[in-house]
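K.L.:
Sending over final11.cif (mmCIF, N, CA and C atoms).
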data_input
#
loop_
_atom_site.label_atom_id
_atom_site.label_comp_id
_atom_site.auth_asym_id
_atom_site.auth_seq_id
_atom_site.Cartn_x
_atom_site.Cartn_y
_atom_site.Cartn_z
N MET Z 27 93.22 138.09 122.44
CA MET Z 27 93.78 136.83 122.00
C MET Z 27 92.65 135.80 121.90
N PRO Z 28 92.59 135.07 120.79
CA PRO Z 28 91.52 134.08 120.61
C PRO Z 28 91.64 132.94 121.62
N ASP Z 29 90.50 132.39 121.97
CA ASP Z 29 90.44 131.28 122.91
C ASP Z 29 90.95 130.01 122.23
N PRO Z 30 92.05 129.40 122.74
CA PRO Z 30 92.61 128.20 122.10
C PRO Z 30 91.63 127.03 122.10
N MET Z 31 90.82 126.89 123.13
CA MET Z 31 89.86 125.79 123.18
C MET Z 31 88.76 125.97 122.13
N ALA Z 32 88.32 127.20 121.95
CA ALA Z 32 87.30 127.47 120.93
C ALA Z 32 87.86 127.16 119.54
N TYR Z 33 89.11 127.55 119.33
CA TYR Z 33 89.76 127.25 118.04
C TYR Z 33 89.86 125.75 117.82
N LEU Z 34 90.29 125.02 118.84
CA LEU Z 34 90.43 123.57 118.74
C LEU Z 34 89.08 122.92 118.46
N LYS Z 35 88.05 123.34 119.15
CA LYS Z 35 86.71 122.78 118.93
C LYS Z 35 86.24 123.03 117.50
N GLU Z 36 86.52 124.21 117.00
CA GLU Z 36 86.13 124.53 115.61
C GLU Z 36 86.89 123.65 114.62
N GLN Z 37 88.17 123.44 114.86
CA GLN Z 37 88.96 122.57 113.98
C GLN Z 37 88.44 121.14 114.02
N LEU Z 38 88.12 120.66 115.20
CA LEU Z 38 87.56 119.31 115.33
C LEU Z 38 86.22 119.19 114.61
N ARG Z 39 85.40 120.23 114.70
CA ARG Z 39 84.11 120.23 113.99
C ARG Z 39 84.33 120.15 112.48
N LYS Z 40 85.28 120.93 111.97
CA LYS Z 40 85.58 120.92 110.54
C LYS Z 40 86.13 119.56 110.11
N ASP Z 41 87.00 119.00 110.91
CA ASP Z 41 87.56 117.68 110.59
C ASP Z 41 86.47 116.61 110.56
N GLN Z 42 85.55 116.67 111.52
CA GLN Z 42 84.46 115.70 111.55
C GLN Z 42 83.56 115.85 110.33
N LYS Z 43 83.32 117.08 109.93
CA LYS Z 43 82.49 117.33 108.75
C LYS Z 43 83.17 116.75 107.50
N LEU Z 44 84.48 116.93 107.41
CA LEU Z 44 85.23 116.36 106.28
C LEU Z 44 85.12 114.83 106.29
N LEU Z 45 85.34 114.22 107.43
CA LEU Z 45 85.25 112.75 107.51
C LEU Z 45 83.84 112.26 107.16
N ASP Z 46 82.83 112.93 107.65
CA ASP Z 46 81.46 112.54 107.35
C ASP Z 46 81.17 112.66 105.85
N THR Z 47 81.69 113.71 105.26
CA THR Z 47 81.48 113.93 103.82
C THR Z 47 82.21 112.87 103.00
N ILE Z 48 83.41 112.54 103.40
CA ILE Z 48 84.15 111.48 102.70
C ILE Z 48 83.40 110.16 102.81
N LYS Z 49 82.84 109.88 103.97
CA LYS Z 49 82.07 108.64 104.13
C LYS Z 49 80.90 108.59 103.16
N VAL Z 50 80.24 109.70 102.96
CA VAL Z 50 79.12 109.76 102.02
C VAL Z 50 79.59 109.43 100.61
N HIS Z 51 80.79 109.88 100.26
CA HIS Z 51 81.33 109.69 98.92
C HIS Z 51 82.23 108.45 98.80
N LEU Z 52 82.27 107.65 99.83
CA LEU Z 52 83.13 106.47 99.84
C LEU Z 52 82.87 105.51 98.68
N PRO Z 53 81.62 105.23 98.31
CA PRO Z 53 81.43 104.32 97.16
C PRO Z 53 82.08 104.84 95.87
N ALA Z 54 81.96 106.12 95.62
CA ALA Z 54 82.58 106.70 94.41
C ALA Z 54 84.10 106.66 94.52
N LEU Z 55 84.64 106.94 95.70
CA LEU Z 55 86.08 106.89 95.89
C LEU Z 55 86.60 105.46 95.74
N ASP Z 56 85.85 104.50 96.29
CA ASP Z 56 86.22 103.08 96.13
C ASP Z 56 86.25 102.68 94.66
N GLN Z 57 85.28 103.15 93.91
CA GLN Z 57 85.23 102.84 92.48
C GLN Z 57 86.46 103.42 91.76
N LEU Z 58 86.86 104.60 92.13
CA LEU Z 58 88.05 105.20 91.53
C LEU Z 58 89.30 104.39 91.86
N VAL Z 59 89.42 103.97 93.10
CA VAL Z 59 90.58 103.16 93.49
C VAL Z 59 90.58 101.85 92.71
N GLU Z 60 89.42 101.27 92.53
CA GLU Z 60 89.33 100.02 91.76
C GLU Z 60 89.78 100.25 90.31
N MET Z 61 89.39 101.38 89.73
CA MET Z 61 89.84 101.71 88.38
C MET Z 61 91.36 101.78 88.33
N LEU Z 62 91.95 102.36 89.34
CA LEU Z 62 93.40 102.50 89.38
C LEU Z 62 94.09 101.15 89.40
N GLU Z 63 93.53 100.23 90.15
CA GLU Z 63 94.15 98.92 90.28
C GLU Z 63 94.24 98.20 88.94
N TYR Z 64 93.34 98.52 88.03
CA TYR Z 64 93.34 97.84 86.73
C TYR Z 64 94.02 98.65 85.62
N ASP Z 65 93.94 99.97 85.70
CA ASP Z 65 94.37 100.79 84.57
C ASP Z 65 95.68 101.56 84.77
N TYR Z 66 96.10 101.76 85.99
CA TYR Z 66 97.23 102.65 86.26
C TYR Z 66 98.47 102.27 85.47
N GLU Z 67 98.95 101.06 85.66
CA GLU Z 67 100.20 100.66 85.01
C GLU Z 67 100.08 100.68 83.49
N ASP Z 68 98.96 100.19 82.99
CA ASP Z 68 98.79 100.13 81.54
C ASP Z 68 98.82 101.51 80.92
N ARG Z 69 98.10 102.44 81.52
CA ARG Z 69 98.03 103.78 80.94
C ARG Z 69 99.36 104.53 81.07
N MET Z 70 100.06 104.32 82.15
CA MET Z 70 101.36 104.96 82.28
C MET Z 70 102.34 104.37 81.26
N TYR Z 71 102.25 103.08 81.04
CA TYR Z 71 103.05 102.42 80.01
C TYR Z 71 102.77 103.08 78.66
N ARG Z 72 101.50 103.34 78.40
CA ARG Z 72 101.10 103.94 77.11
C ARG Z 72 101.76 105.30 76.91
N PHE Z 73 101.90 106.04 77.96
CA PHE Z 73 102.54 107.35 77.87
C PHE Z 73 103.98 107.21 77.38
N TYR Z 74 104.72 106.31 78.01
CA TYR Z 74 106.14 106.18 77.67
C TYR Z 74 106.38 105.52 76.32
N TYR Z 75 105.37 104.84 75.79
CA TYR Z 75 105.52 104.20 74.48
C TYR Z 75 104.67 104.86 73.42
N GLN Z 76 104.30 106.08 73.68
CA GLN Z 76 103.66 106.97 72.72
C GLN Z 76 102.41 106.35 72.10
N SER Z 77 101.55 105.82 72.95
CA SER Z 77 100.27 105.27 72.49
C SER Z 77 99.17 106.28 72.78
N PHE Z 78 98.27 106.43 71.83
CA PHE Z 78 97.16 107.36 72.00
C PHE Z 78 96.26 106.98 73.18
N LYS Z 79 96.40 105.75 73.67
CA LYS Z 79 95.57 105.31 74.80
C LYS Z 79 95.89 106.07 76.09
N VAL Z 80 97.01 106.78 76.13
CA VAL Z 80 97.31 107.60 77.30
C VAL Z 80 96.23 108.68 77.47
N TYR Z 81 95.57 109.04 76.41
CA TYR Z 81 94.51 110.05 76.48
C TYR Z 81 93.34 109.55 77.32
N ASP Z 82 93.23 108.24 77.50
CA ASP Z 82 92.17 107.67 78.34
C ASP Z 82 92.33 108.05 79.81
N LEU Z 83 93.51 108.49 80.21
CA LEU Z 83 93.71 108.93 81.60
C LEU Z 83 92.76 110.06 81.97
N GLN Z 84 92.32 110.80 80.98
CA GLN Z 84 91.43 111.92 81.24
C GLN Z 84 90.10 111.48 81.84
N SER Z 85 89.69 110.26 81.54
CA SER Z 85 88.43 109.75 82.09
C SER Z 85 88.52 109.64 83.62
N PHE Z 86 89.60 109.05 84.10
CA PHE Z 86 89.80 108.95 85.55
C PHE Z 86 89.87 110.34 86.17
N THR Z 87 90.66 111.21 85.56
CA THR Z 87 90.84 112.55 86.11
C THR Z 87 89.51 113.28 86.21
N THR Z 88 88.69 113.17 85.19
CA THR Z 88 87.38 113.82 85.19
C THR Z 88 86.50 113.27 86.32
N GLN Z 89 86.47 111.96 86.45
CA GLN Z 89 85.65 111.35 87.51
C GLN Z 89 86.17 111.70 88.90
N ALA Z 90 87.48 111.67 89.06
CA ALA Z 90 88.06 112.02 90.36
C ALA Z 90 87.77 113.48 90.69
N LEU Z 91 87.95 114.35 89.72
CA LEU Z 91 87.71 115.77 89.94
C LEU Z 91 86.26 116.01 90.35
N ASP Z 92 85.33 115.30 89.74
CA ASP Z 92 83.92 115.45 90.07
C ASP Z 92 83.66 115.10 91.54
N VAL Z 93 84.18 113.96 91.98
CA VAL Z 93 83.97 113.53 93.37
C VAL Z 93 84.66 114.50 94.32
N LEU Z 94 85.88 114.88 94.01
CA LEU Z 94 86.62 115.80 94.89
C LEU Z 94 85.94 117.16 94.98
N GLN Z 95 85.36 117.63 93.88
CA GLN Z 95 84.64 118.90 93.91
C GLN Z 95 83.38 118.78 94.77
N GLN Z 96 82.70 117.64 94.70
CA GLN Z 96 81.52 117.44 95.54
C GLN Z 96 81.89 117.49 97.02
N ILE Z 97 82.99 116.84 97.36
CA ILE Z 97 83.44 116.85 98.75
C ILE Z 97 83.81 118.27 99.18
N ALA Z 98 84.56 118.96 98.36
CA ALA Z 98 84.98 120.33 98.68
C ALA Z 98 83.76 121.24 98.84
N HIS Z 99 82.80 121.09 97.96
CA HIS Z 99 81.59 121.92 98.04
C HIS Z 99 80.83 121.65 99.33
N ALA Z 100 80.72 120.38 99.70
CA ALA Z 100 79.97 120.00 100.90
C ALA Z 100 80.60 120.54 102.18
N ILE Z 101 81.91 120.70 102.18
CA ILE Z 101 82.58 121.23 103.39
C ILE Z 101 82.89 122.72 103.23
N ASP Z 102 82.40 123.30 102.15
CA ASP Z 102 82.54 124.74 101.90
C ASP Z 102 83.99 125.19 101.85
N ARG Z 103 84.80 124.39 101.13
CA ARG Z 103 86.21 124.73 100.92
C ARG Z 103 86.53 124.51 99.45
N PRO Z 104 87.29 125.39 98.86
CA PRO Z 104 87.67 125.18 97.46
C PRO Z 104 88.80 124.16 97.34
N LEU Z 105 88.88 123.55 96.17
CA LEU Z 105 90.04 122.72 95.88
C LEU Z 105 91.25 123.64 95.72
N SER Z 106 92.42 123.07 95.85
CA SER Z 106 93.65 123.84 95.68
C SER Z 106 93.65 124.50 94.30
N PRO Z 107 93.94 125.79 94.24
CA PRO Z 107 93.99 126.46 92.93
C PRO Z 107 95.00 125.82 91.98
N TRP Z 108 96.12 125.36 92.50
CA TRP Z 108 97.12 124.72 91.63
C TRP Z 108 96.58 123.40 91.09
N PHE Z 109 95.93 122.63 91.96
CA PHE Z 109 95.33 121.37 91.51
C PHE Z 109 94.28 121.64 90.43
N THR Z 110 93.47 122.65 90.65
CA THR Z 110 92.44 123.00 89.67
C THR Z 110 93.06 123.42 88.34
N GLU Z 111 94.13 124.20 88.41
CA GLU Z 111 94.81 124.64 87.18
C GLU Z 111 95.45 123.47 86.44
N ILE Z 112 96.09 122.60 87.19
CA ILE Z 112 96.77 121.45 86.58
C ILE Z 112 95.76 120.52 85.92
N THR Z 113 94.65 120.25 86.61
CA THR Z 113 93.65 119.35 86.02
C THR Z 113 93.01 120.00 84.80
N ALA Z 114 92.79 121.29 84.85
CA ALA Z 114 92.19 121.98 83.68
C ALA Z 114 93.09 121.85 82.45
N GLN Z 115 94.41 121.93 82.66
CA GLN Z 115 95.34 121.82 81.54
C GLN Z 115 95.43 120.40 81.00
N GLY Z 116 95.07 119.41 81.83
CA GLY Z 116 95.18 118.01 81.42
C GLY Z 116 93.87 117.38 81.00
N LEU Z 117 92.84 118.18 80.81
CA LEU Z 117 91.54 117.65 80.39
C LEU Z 117 91.11 118.28 79.07
N GLY Z 118 90.28 117.56 78.36
CA GLY Z 118 89.74 118.07 77.09
C GLY Z 118 90.73 118.01 75.95
N VAL Z 119 91.76 117.18 76.08
CA VAL Z 119 92.77 117.05 75.04
C VAL Z 119 92.41 115.85 74.16
N HIS Z 120 92.27 116.10 72.88
CA HIS Z 120 91.91 115.04 71.94
C HIS Z 120 93.10 114.72 71.04
N PHE Z 121 93.31 113.43 70.83
CA PHE Z 121 94.44 113.01 70.02
C PHE Z 121 94.26 113.38 68.55
N VAL Z 122 95.31 113.93 68.00
CA VAL Z 122 95.43 114.10 66.55
C VAL Z 122 96.85 113.66 66.19
N MET Z 123 97.01 113.17 64.99
CA MET Z 123 98.30 112.61 64.58
C MET Z 123 99.48 113.57 64.79
N GLU Z 124 99.24 114.85 64.64
CA GLU Z 124 100.32 115.83 64.79
C GLU Z 124 100.88 115.84 66.21
N HIS Z 125 100.12 115.34 67.18
CA HIS Z 125 100.62 115.30 68.55
C HIS Z 125 101.86 114.42 68.67
N ASN Z 126 102.00 113.47 67.78
CA ASN Z 126 103.16 112.58 67.83
C ASN Z 126 104.47 113.34 67.66
N GLN Z 127 104.45 114.46 66.93
CA GLN Z 127 105.68 115.24 66.72
C GLN Z 127 106.10 115.98 67.99
N HIS Z 128 105.15 116.26 68.86
CA HIS Z 128 105.43 116.99 70.10
C HIS Z 128 104.71 116.28 71.25
N TRP Z 129 105.01 115.00 71.39
CA TRP Z 129 104.30 114.12 72.30
C TRP Z 129 104.23 114.67 73.73
N LEU Z 130 105.36 115.06 74.28
CA LEU Z 130 105.38 115.51 75.67
C LEU Z 130 104.58 116.80 75.88
N VAL Z 131 104.62 117.67 74.93
CA VAL Z 131 103.87 118.92 75.04
C VAL Z 131 102.37 118.63 75.21
N HIS Z 132 101.88 117.63 74.49
CA HIS Z 132 100.44 117.35 74.50
C HIS Z 132 100.02 116.36 75.59
N THR Z 133 100.91 115.47 75.99
CA THR Z 133 100.49 114.41 76.91
C THR Z 133 100.94 114.60 78.36
N ARG Z 134 102.01 115.33 78.57
CA ARG Z 134 102.45 115.53 79.96
C ARG Z 134 101.39 116.20 80.81
N PRO Z 135 100.65 117.19 80.31
CA PRO Z 135 99.58 117.75 81.14
C PRO Z 135 98.50 116.72 81.50
N ILE Z 136 98.24 115.79 80.61
CA ILE Z 136 97.26 114.73 80.89
C ILE Z 136 97.78 113.86 82.03
N VAL Z 137 99.04 113.47 81.94
CA VAL Z 137 99.64 112.60 82.96
C VAL Z 137 99.75 113.34 84.29
N GLU Z 138 100.16 114.59 84.26
CA GLU Z 138 100.29 115.36 85.49
C GLU Z 138 98.93 115.52 86.18
N ALA Z 139 97.89 115.79 85.42
CA ALA Z 139 96.55 115.92 85.99
C ALA Z 139 96.09 114.58 86.57
N PHE Z 140 96.37 113.51 85.86
CA PHE Z 140 96.01 112.17 86.33
C PHE Z 140 96.71 111.86 87.65
N LEU Z 141 98.02 112.06 87.70
CA LEU Z 141 98.78 111.74 88.91
C LEU Z 141 98.35 112.61 90.09
N GLY Z 142 98.05 113.86 89.82
CA GLY Z 142 97.53 114.72 90.88
C GLY Z 142 96.21 114.22 91.41
N SER Z 143 95.35 113.76 90.51
CA SER Z 143 94.05 113.22 90.91
C SER Z 143 94.22 111.94 91.71
N VAL Z 144 95.15 111.10 91.28
CA VAL Z 144 95.42 109.86 92.01
C VAL Z 144 95.82 110.18 93.45
N SER Z 145 96.73 111.12 93.62
CA SER Z 145 97.20 111.43 94.98
C SER Z 145 96.08 112.01 95.83
N LYS Z 146 95.22 112.83 95.25
CA LYS Z 146 94.10 113.41 96.01
C LYS Z 146 93.10 112.33 96.42
N VAL Z 147 92.81 111.40 95.53
CA VAL Z 147 91.88 110.32 95.86
C VAL Z 147 92.48 109.46 96.96
N GLU Z 148 93.76 109.14 96.86
CA GLU Z 148 94.41 108.34 97.89
C GLU Z 148 94.40 109.07 99.24
N MET Z 149 94.60 110.37 99.23
CA MET Z 149 94.55 111.13 100.48
C MET Z 149 93.14 111.13 101.05
N ALA Z 150 92.13 111.28 100.20
CA ALA Z 150 90.75 111.28 100.67
C ALA Z 150 90.38 109.93 101.28
N MET Z 151 90.97 108.87 100.76
CA MET Z 151 90.68 107.54 101.26
C MET Z 151 91.51 107.23 102.50
N PHE Z 152 92.46 108.10 102.84
CA PHE Z 152 93.35 107.88 103.99
C PHE Z 152 94.02 106.52 103.90
N THR Z 153 94.42 106.16 102.71
CA THR Z 153 95.07 104.87 102.49
C THR Z 153 96.45 105.11 101.90
N PRO Z 154 97.31 104.12 102.03
CA PRO Z 154 98.59 104.23 101.32
C PRO Z 154 98.33 104.16 99.83
N PRO Z 155 99.29 104.55 99.03
CA PRO Z 155 99.10 104.49 97.58
C PRO Z 155 98.61 103.12 97.12
N VAL Z 156 97.80 103.15 96.07
CA VAL Z 156 97.26 101.91 95.51
C VAL Z 156 98.41 101.00 95.15
N ARG Z 157 98.28 99.74 95.51
CA ARG Z 157 99.32 98.78 95.18
C ARG Z 157 99.36 98.58 93.67
N ARG Z 158 100.51 98.78 93.14
CA ARG Z 158 100.71 98.54 91.71
C ARG Z 158 101.40 97.20 91.60
N HIS Z 159 100.73 96.23 91.05
CA HIS Z 159 101.33 94.90 90.94
C HIS Z 159 102.04 94.79 89.61
N SER Z 160 103.13 94.09 89.61
CA SER Z 160 103.85 93.89 88.36
C SER Z 160 103.71 92.46 87.93
N GLY Z 161 103.73 92.32 86.61
CA GLY Z 161 103.67 90.99 86.03
C GLY Z 161 102.35 90.47 85.95
#
Please rewrite the model in this file as structure tokens.
P.N.:
Amino acid sequence: MPDPMAYLKEQLRKDQKLLDTIKVHLPALDQLVEMLEYDYEDRMYRFYYQSFKVYDLQSFTTQALDVLQQIAHAIDRPLSPWFTEITAQGLGVHFVMEHNQHWLVHTRPIVEAFLGSVSKVEMAMFTPPVRRHSG
């Protein structure tokens, strides 16, 4: 039977490594949160009103994915396979007029990847969700 204290010490070591790594990446994470404070509501609005500007969500997703991959690499853990699959489906999508005929087919993966990235950044920051102000 494994030693419970040895297991606990190893878990604490891993947790400390994660916290230290997040601290190193804190400026990039802060920048992402700042982007959210200005763009979140507008871009989500664009999705529901069929504006091509919803495609701009991919910029945040790409930047968030980059930072999250750096953190995961530093602690020698992969990102969630589902998260990786979802973000892959929501990136590299370029607007063409024909997308308007099947808007949800083309844009929902972008929004899903964006929202997944938002939640991961918020979790990494150990903060409550970014305040979305109205008006």
K.L.:
Determine the residue membership of the PyMOL selection byres ((chain Z and resi 139-143) around 8) for the file above and supply it as a PDB file with N, CA and C atoms, in the frame of the given file.
P.N.:
ATOM      1  N   LEU Z  83      93.510 108.490  80.210  1.00  0.00           N
ATOM      2  CA  LEU Z  83      93.710 108.930  81.600  1.00  0.00           C
ATOM      3  C   LEU Z  83      92.760 110.060  81.970  1.00  0.00           C
ATOM      4  N   GLN Z  84      92.320 110.800  80.980  1.00  0.00           N
ATOM      5  CA  GLN Z  84      91.430 111.920  81.240  1.00  0.00           C
ATOM      6  C   GLN Z  84      90.100 111.480  81.840  1.00  0.00           C
ATOM      7  N   PHE Z  86      89.600 109.050  84.100  1.00  0.00           N
ATOM      8  CA  PHE Z  86      89.800 108.950  85.550  1.00  0.00           C
ATOM      9  C   PHE Z  86      89.870 110.340  86.170  1.00  0.00           C
ATOM     10  N   THR Z  87      90.660 111.210  85.560  1.00  0.00           N
ATOM     11  CA  THR Z  87      90.840 112.550  86.110  1.00  0.00           C
ATOM     12  C   THR Z  87      89.510 113.280  86.210  1.00  0.00           C
ATOM     13  N   THR Z  88      88.690 113.170  85.190  1.00  0.00           N
ATOM     14  CA  THR Z  88      87.380 113.820  85.190  1.00  0.00           C
ATOM     15  C   THR Z  88      86.500 113.270  86.320  1.00  0.00           C
ATOM     16  N   ALA Z  90      87.480 111.670  89.060  1.00  0.00           N
ATOM     17  CA  ALA Z  90      88.060 112.020  90.360  1.00  0.00           C
ATOM     18  C   ALA Z  90      87.770 113.480  90.690  1.00  0.00           C
ATOM     19  N   LEU Z  91      87.950 114.350  89.720  1.00  0.00           N
ATOM     20  CA  LEU Z  91      87.710 115.770  89.940  1.00  0.00           C
ATOM     21  C   LEU Z  91      86.260 116.010  90.350  1.00  0.00           C
ATOM     22  N   PHE Z 109      95.930 122.630  91.960  1.00  0.00           N
ATOM     23  CA  PHE Z 109      95.330 121.370  91.510  1.00  0.00           C
ATOM     24  C   PHE Z 109      94.280 121.640  90.430  1.00  0.00           C
ATOM     25  N   GLU Z 111      94.130 124.200  88.410  1.00  0.00           N
ATOM     26  CA  GLU Z 111      94.810 124.640  87.180  1.00  0.00           C
ATOM     27  C   GLU Z 111      95.450 123.470  86.440  1.00  0.00           C
ATOM     28  N   ILE Z 112      96.090 122.600  87.190  1.00  0.00           N
ATOM     29  CA  ILE Z 112      96.770 121.450  86.580  1.00  0.00           C
ATOM     30  C   ILE Z 112      95.760 120.520  85.920  1.00  0.00           C
ATOM     31  N   THR Z 113      94.650 120.250  86.610  1.00  0.00           N
ATOM     32  CA  THR Z 113      93.650 119.350  86.020  1.00  0.00           C
ATOM     33  C   THR Z 113      93.010 120.000  84.800  1.00  0.00           C
ATOM     34  N   ALA Z 114      92.790 121.290  84.850  1.00  0.00           N
ATOM     35  CA  ALA Z 114      92.190 121.980  83.680  1.00  0.00           C
ATOM     36  C   ALA Z 114      93.090 121.850  82.450  1.00  0.00           C
ATOM     37  N   GLN Z 115      94.410 121.930  82.660  1.00  0.00           N
ATOM     38  CA  GLN Z 115      95.340 121.820  81.540  1.00  0.00           C
ATOM     39  C   GLN Z 115      95.430 120.400  81.000  1.00  0.00           C
ATOM     40  N   GLY Z 116      95.070 119.410  81.830  1.00  0.00           N
ATOM     41  CA  GLY Z 116      95.180 118.010  81.420  1.00  0.00           C
ATOM     42  C   GLY Z 116      93.870 117.380  81.000  1.00  0.00           C
ATOM     43  N   LEU Z 117      92.840 118.180  80.810  1.00  0.00           N
ATOM     44  CA  LEU Z 117      91.540 117.650  80.390  1.00  0.00           C
ATOM     45  C   LEU Z 117      91.110 118.280  79.070  1.00  0.00           C
ATOM     46  N   THR Z 133     100.910 115.470  75.990  1.00  0.00           N
ATOM     47  CA  THR Z 133     100.490 114.410  76.910  1.00  0.00           C
ATOM     48  C   THR Z 133     100.940 114.600  78.360  1.00  0.00           C
ATOM     49  N   ARG Z 134     102.010 115.330  78.570  1.00  0.00           N
ATOM     50  CA  ARG Z 134     102.450 115.530  79.960  1.00  0.00           C
ATOM     51  C   ARG Z 134     101.390 116.200  80.810  1.00  0.00           C
ATOM     52  N   PRO Z 135     100.650 117.190  80.310  1.00  0.00           N
ATOM     53  CA  PRO Z 135      99.580 117.750  81.140  1.00  0.00           C
ATOM     54  C   PRO Z 135      98.500 116.720  81.500  1.00  0.00           C
ATOM     55  N   ILE Z 136      98.240 115.790  80.610  1.00  0.00           N
ATOM     56  CA  ILE Z 136      97.260 114.730  80.890  1.00  0.00           C
ATOM     57  C   ILE Z 136      97.780 113.860  82.030  1.00  0.00           C
ATOM     58  N   VAL Z 137      99.040 113.470  81.940  1.00  0.00           N
ATOM     59  CA  VAL Z 137      99.640 112.600  82.960  1.00  0.00           C
ATOM     60  C   VAL Z 137      99.750 113.340  84.290  1.00  0.00           C
ATOM     61  N   GLU Z 138     100.160 114.590  84.260  1.00  0.00           N
ATOM     62  CA  GLU Z 138     100.290 115.360  85.490  1.00  0.00           C
ATOM     63  C   GLU Z 138      98.930 115.520  86.180  1.00  0.00           C
ATOM     64  N   VAL Z 144      95.150 111.100  91.280  1.00  0.00           N
ATOM     65  CA  VAL Z 144      95.420 109.860  92.010  1.00  0.00           C
ATOM     66  C   VAL Z 144      95.820 110.180  93.450  1.00  0.00           C
ATOM     67  N   SER Z 145      96.730 111.120  93.620  1.00  0.00           N
ATOM     68  CA  SER Z 145      97.200 111.430  94.980  1.00  0.00           C
ATOM     69  C   SER Z 145      96.080 112.010  95.830  1.00  0.00           C
ATOM     70  N   LYS Z 146      95.220 112.830  95.250  1.00  0.00           N
ATOM     71  CA  LYS Z 146      94.100 113.410  96.010  1.00  0.00           C
ATOM     72  C   LYS Z 146      93.100 112.330  96.420  1.00  0.00           C
ATOM     73  N   VAL Z 147      92.810 111.400  95.530  1.00  0.00           N
ATOM     74  CA  VAL Z 147      91.880 110.320  95.860  1.00  0.00           C
ATOM     75  C   VAL Z 147      92.480 109.460  96.960  1.00  0.00           C
ATOM     76  N   GLU Z 148      93.760 109.140  96.860  1.00  0.00           N
ATOM     77  CA  GLU Z 148      94.410 108.340  97.890  1.00  0.00           C
ATOM     78  C   GLU Z 148      94.400 109.070  99.240  1.00  0.00           C
ATOM     79  N   MET Z 149      94.600 110.370  99.230  1.00  0.00           N
ATOM     80  CA  MET Z 149      94.550 111.130 100.480  1.00  0.00           C
ATOM     81  C   MET Z 149      93.140 111.130 101.050  1.00  0.00           C
TER      82      MET Z 149
END
K.L.:
Using only C-alpha atoms, find the one residue out of Z:Leu105, Z:Met123, Z:Leu44, Z:Ala100 that sits nearest to Met151 (chain Z).
P.N.:
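Result for the nearest residue to Met151 (chain Z): Z:Leu44.
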K.L.:
Taking every listed atom of region 50-67 of chain Z and adding 4 Å to each side, what centre and edge lengths in Å (one decimal) does the axis-aligned box have, as JSON?
P.N.:
{"center_x": 89.7, "center_y": 103.9, "center_z": 93.2, "size_x": 29.1, "size_y": 20.0, "size_z": 27.5}
K.L.:
Output the residue selection produced by the PyMOL selection byres ((chain Z and resi 63-77) around 8) on the file above, formatted as a PyMOL selection string.
P.N.:
chain Z and resi 57-62+78-83+126+129+133+137+156-159
